[in-house]
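> Below is the file model.cif, which contains mmCIF, C-alpha atoms.
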```
data_work
loop_
_atom_site.group_PDB
_atom_site.id
_atom_site.type_symbol
_atom_site.label_atom_id
_atom_site.label_comp_id
_atom_site.auth_asym_id
_atom_site.auth_seq_id
_atom_site.Cartn_x
_atom_site.Cartn_y
_atom_site.Cartn_z
ATOM 1 C CA PHE A 1 9.955 18.553 13.705
ATOM 2 C CA PHE A 2 11.651 15.592 12.052
ATOM 3 C CA SER A 3 14.127 15.862 9.222
ATOM 4 C CA GLN A 4 15.263 13.080 6.995
ATOM 5 C CA LYS A 5 18.790 12.866 5.681
ATOM 6 C CA GLU A 6 18.870 11.925 2.019
ATOM 7 C CA ASP A 7 21.458 9.204 2.607
ATOM 8 C CA SER A 8 19.671 7.545 5.520
ATOM 9 C CA HIS A 9 16.584 5.454 6.208
ATOM 10 C CA PHE A 10 15.500 7.086 9.455
ATOM 11 C CA ASN A 11 14.131 10.373 10.687
ATOM 12 C CA LEU A 12 16.089 12.699 12.951
ATOM 13 C CA PRO A 13 14.498 15.257 15.258
ATOM 14 C CA GLY A 14 14.172 18.624 13.537
ATOM 15 C CA PRO A 15 15.409 21.845 15.142
ATOM 16 C CA ALA A 16 12.200 22.702 17.074
ATOM 17 C CA LEU A 17 11.845 19.231 18.551
ATOM 18 C CA THR A 18 15.547 19.065 19.359
ATOM 19 C CA ARG A 19 15.290 22.375 21.257
ATOM 20 C CA ALA A 20 12.247 21.123 23.155
ATOM 21 C CA LEU A 21 13.955 17.853 24.057
ATOM 22 C CA ARG A 22 17.080 19.653 25.311
ATOM 23 C CA ARG A 23 15.208 22.248 27.371
ATOM 24 C CA ASP A 24 15.547 21.715 31.123
ATOM 25 C CA GLY A 25 12.329 20.921 32.929
ATOM 26 C CA ASN A 26 10.363 20.112 29.805
ATOM 27 C CA SER A 27 7.253 18.131 30.560
ATOM 28 C CA LEU A 28 5.375 15.446 28.725
ATOM 29 C CA ARG A 29 2.593 17.989 28.210
ATOM 30 C CA GLU A 30 5.018 20.383 26.444
ATOM 31 C CA LEU A 31 6.340 17.625 24.200
ATOM 32 C CA LEU A 32 2.829 16.444 23.339
ATOM 33 C CA ALA A 33 1.806 20.020 22.554
ATOM 34 C CA LEU A 34 4.840 20.343 20.294
ATOM 35 C CA LEU A 35 4.014 17.083 18.514
ATOM 36 C CA ALA A 36 0.356 18.116 18.155
ATOM 37 C CA ALA A 37 1.475 21.412 16.613
ATOM 38 C CA SER A 38 3.554 19.452 14.103
ATOM 39 C CA LEU A 39 0.369 17.843 12.813
ATOM 40 C CA GLN A 40 -1.147 21.231 11.955
ATOM 41 C CA GLY A 41 1.049 21.892 8.937
ATOM 42 C CA PRO A 42 4.255 21.025 7.094
ATOM 43 C CA LEU A 43 7.233 20.160 9.263
ATOM 44 C CA GLU A 44 9.657 22.927 10.097
ATOM 45 C CA GLY A 45 12.350 23.385 7.476
ATOM 46 C CA LEU A 46 10.511 21.524 4.717
ATOM 47 C CA GLU A 47 9.665 23.398 1.557
ATOM 48 C CA VAL A 48 6.134 22.050 1.099
ATOM 49 C CA PRO A 49 3.388 24.246 -0.334
ATOM 50 C CA LYS A 50 0.550 24.655 2.176
ATOM 51 C CA THR A 51 -1.984 23.585 -0.487
ATOM 52 C CA SER A 52 -0.103 20.328 -1.026
ATOM 53 C CA TRP A 53 0.031 19.661 2.712
ATOM 54 C CA ASN A 54 -3.691 20.466 3.063
ATOM 55 C CA SER A 55 -4.519 18.100 0.207
ATOM 56 C CA GLU A 56 -2.558 15.240 1.798
ATOM 57 C CA ALA A 57 -4.027 15.977 5.236
ATOM 58 C CA GLY A 58 -7.534 15.853 3.743
ATOM 59 C CA ALA A 59 -6.830 12.534 2.042
ATOM 60 C CA PHE A 60 -5.489 11.116 5.311
ATOM 61 C CA LYS A 61 -8.567 12.334 7.180
ATOM 62 C CA GLU A 62 -10.824 10.661 4.609
ATOM 63 C CA ASP A 63 -8.844 7.402 4.792
ATOM 64 C CA THR A 64 -9.036 7.274 8.582
ATOM 65 C CA SER A 65 -12.747 8.062 8.431
ATOM 66 C CA VAL A 66 -13.293 5.046 6.173
ATOM 67 C CA VAL A 67 -11.363 2.831 8.580
ATOM 68 C CA ARG A 68 -13.373 4.096 11.573
ATOM 69 C CA ARG A 69 -16.689 3.507 9.762
ATOM 70 C CA TYR A 70 -15.590 0.019 8.698
ATOM 71 C CA LYS A 71 -14.884 -0.940 12.311
ATOM 72 C CA LYS A 72 -18.620 -1.518 12.814
ATOM 73 C CA LYS A 73 -18.921 -3.616 9.648
ATOM 74 C CA ARG A 74 -16.026 -6.020 10.136
ATOM 75 C CA THR A 75 -16.743 -9.526 8.915
ATOM 76 C CA HIS A 76 -14.339 -11.348 11.245
ATOM 77 C CA LYS A 77 -13.899 -9.219 14.357
ATOM 78 C CA ARG A 78 -11.432 -11.673 15.880
ATOM 79 C CA LEU A 79 -8.875 -10.729 13.221
ATOM 80 C CA PHE A 80 -8.712 -7.288 14.832
ATOM 81 C CA ALA A 81 -8.379 -8.415 18.448
ATOM 82 C CA ILE A 82 -5.028 -9.075 20.092
ATOM 83 C CA LYS A 83 -6.368 -12.287 21.580
ATOM 84 C CA GLY A 84 -8.129 -13.158 18.332
ATOM 85 C CA PHE A 85 -5.072 -14.677 16.656
ATOM 86 C CA ASP A 86 -5.136 -18.427 17.159
ATOM 87 C CA ALA A 87 -1.755 -19.859 16.151
ATOM 88 C CA THR A 88 -3.093 -23.416 16.167
ATOM 89 C CA SER A 89 -5.723 -22.500 13.586
ATOM 90 C CA PHE A 90 -3.871 -19.816 11.657
ATOM 91 C CA VAL A 91 -0.201 -20.936 11.468
ATOM 92 C CA ASP A 92 0.752 -23.929 9.346
ATOM 93 C CA GLU A 93 1.129 -27.077 11.469
ATOM 94 C CA LYS A 94 4.408 -28.139 9.799
ATOM 95 C CA LEU A 95 5.934 -24.752 10.539
ATOM 96 C CA ARG A 96 4.794 -24.853 14.187
ATOM 97 C CA GLN A 97 6.266 -28.352 14.593
ATOM 98 C CA ALA A 98 9.501 -27.276 12.921
ATOM 99 C CA ILE A 99 9.839 -24.270 15.219
ATOM 100 C CA ARG A 100 9.316 -26.511 18.255
ATOM 101 C CA SER A 101 11.877 -29.015 16.971
ATOM 102 C CA ILE A 102 14.660 -26.441 16.538
ATOM 103 C CA SER A 103 14.152 -24.647 19.835
ATOM 104 C CA GLY A 104 17.565 -24.367 21.511
ATOM 105 C CA VAL A 105 19.435 -25.707 18.451
ATOM 106 C CA ALA A 106 22.406 -23.879 16.935
ATOM 107 C CA PRO A 107 21.426 -21.729 13.918
ATOM 108 C CA ASP A 108 23.309 -23.811 11.311
ATOM 109 C CA ALA A 109 21.846 -27.068 12.645
ATOM 110 C CA ALA A 110 18.367 -25.517 12.754
ATOM 111 C CA ARG A 111 18.698 -24.358 9.137
ATOM 112 C CA ARG A 112 19.810 -27.816 7.988
ATOM 113 C CA SER A 113 16.984 -29.452 9.927
ATOM 114 C CA LEU A 114 14.361 -27.190 8.377
ATOM 115 C CA LEU A 115 15.720 -27.714 4.875
ATOM 116 C CA GLU A 116 15.927 -31.510 5.289
ATOM 117 C CA ALA A 117 12.390 -31.662 6.672
ATOM 118 C CA GLY A 118 11.112 -29.824 3.612
ATOM 119 C CA VAL A 119 9.536 -27.095 5.736
ATOM 120 C CA ILE A 120 11.544 -24.364 4.041
ATOM 121 C CA GLU A 121 12.986 -24.040 0.581
ATOM 122 C CA GLU A 122 16.226 -22.231 -0.108
ATOM 123 C CA VAL A 123 15.590 -19.848 -3.009
ATOM 124 C CA LEU A 124 19.004 -18.136 -2.914
ATOM 125 C CA PRO A 125 21.543 -20.152 -0.894
ATOM 126 C CA GLU A 126 21.922 -18.790 2.647
ATOM 127 C CA MET A 127 20.036 -15.601 1.701
ATOM 128 C CA VAL A 128 16.407 -16.122 0.679
ATOM 129 C CA TYR A 129 14.041 -18.800 1.961
ATOM 130 C CA SER A 130 10.462 -19.653 1.117
ATOM 131 C CA PHE A 131 8.025 -21.340 3.481
ATOM 132 C CA ARG A 132 4.331 -21.573 4.188
ATOM 133 C CA VAL A 133 3.272 -19.580 7.259
ATOM 134 C CA PHE A 134 -0.522 -19.383 7.291
ATOM 135 C CA THR A 135 -3.235 -22.009 6.898
ATOM 136 C CA ASP A 136 -5.770 -21.923 4.098
ATOM 137 C CA ALA A 137 -8.478 -21.235 6.702
ATOM 138 C CA PHE A 138 -6.689 -18.096 7.899
ATOM 139 C CA LEU A 139 -6.074 -16.869 4.347
ATOM 140 C CA LYS A 140 -9.762 -17.403 3.590
ATOM 141 C CA LEU A 141 -10.738 -15.246 6.607
ATOM 142 C CA VAL A 142 -8.351 -12.488 5.548
ATOM 143 C CA MET A 143 -9.628 -12.507 1.957
ATOM 144 C CA GLU A 144 -13.248 -12.395 3.156
ATOM 145 C CA GLU A 145 -12.330 -9.413 5.323
ATOM 146 C CA VAL A 146 -10.607 -7.643 2.423
ATOM 147 C CA ARG A 147 -13.614 -8.232 0.170
ATOM 148 C CA GLY A 148 -15.932 -6.984 2.924
ATOM 149 C CA PHE A 149 -13.828 -3.849 3.318
ATOM 150 C CA TYR A 150 -13.944 -3.072 -0.399
ATOM 151 C CA LYS A 151 -17.725 -3.547 -0.473
ATOM 152 C CA THR A 152 -18.204 -0.765 2.072
#
```
With the file now loaded, output its structure as structure tokens.

Amino acid sequence: FFSQKEDSHFNLPGPALTRALRRDGNSLRELLALLAASLQGPLEGLEVPKTSWNSEAGAFKEDTSVVRRYKKKRTHKRLFAIKGFDATSFVDEKLRQAIRSISGVAPDAARRSLLEAGVIEEVLPEMVYSFRVFTDAFLKLVMEEVRGFYKT
């Protein structure tokens, strides 16, 4: 249903999906049915052996099963909640102050300000920057969660 051009970094609708999208009076139900059908096997026009597709589908099913089972065993449940991310506790204070200080400032002035304040480091001039984003406390929570996941 989606085809990828070799010279591009995005997927384009494949012939079956394109036909369904162009059809007059198509409904959301029809499109969802078409997308669901695409999950039942290799995409139209791809030369993928059915055994290979089945193997990958089985691995995906196993991976998602592990994730679903882990949901009950999470160490830090707040890391998985939208409202669980606390910027004051998880984002570096210097970075938060720097962001506040450059609000509404022209990009070049903001860049100079951040560099002069020592909040960011220019690794490759005007191309690559390095800066601390997360607090040690947040990184500790994430690492505990990763270790907990691998124990299950």
> Write out as a list in words the residues lying within 10 Å of Phe138 in chain A, counting all atoms listed in the file and excluding same-chain residues fewer than 6 positions away.
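Listing them by chain and then by number gives Leu79, Phe85, Asp86, Ala87, Ser89, Phe90, Val91, Asp92 and Glu144 of chain A.
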> Would you please work out which residue, of A:Gln40, A:Thr88, A:Lys94, A:Glu121, is nearest to Glu56 in chain A when using all atoms listed in the file?
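Closest to Glu56 in chain A, using all atoms listed in the file: A:Gln40.
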> From the options A:Lys61, A:Arg29, A:Arg147, A:Arg132, which residue's atoms come nearest to His76 in chain A, counting only C-alpha atoms?
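Closest to His76 in chain A, using only C-alpha atoms: A:Arg147.
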> Between CA of Met143 in chain A and CA of Tyr70 in chain A, what is the distance in Å, rounded to a tenth?
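Computing the Euclidean distance for CA of Met143 in chain A and CA of Tyr70 in chain A yields 15.4 Å.
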> Counting only C-alpha atoms, which of A:Ser113, A:Ile99, A:Arg78, A:Val105 gets nearest to Val142 in chain A?
A:Arg78
> Which distance in Å separates CA of Glu62 in chain A and CA of Lys140 in chain A, to one decimal?
28.1 Å
> Counting only C-alpha atoms, figure out which residue out of A:Leu95, A:Ala59, A:Gly148, A:Arg74 gets nearest to Ile120 in chain A.
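For Ile120 in chain A, the nearest of the given residues is A:Leu95.
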> Kindly give the distance, in Å, that separates CA of Thr64 in chain A and CA of Phe149 in chain A, rounded to a single decimal.
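About the pair CA of Thr64 in chain A and CA of Phe149 in chain A: they are 13.2 Å apart.
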> If we count all atoms listed in the file, what is near Ile102 in chain A at a cut-off of 10 Å, once residues fewer than 5 positions away on the same chain are taken out, given as a ChimeraX atom specification?
/A:97,107,109-111,113-114
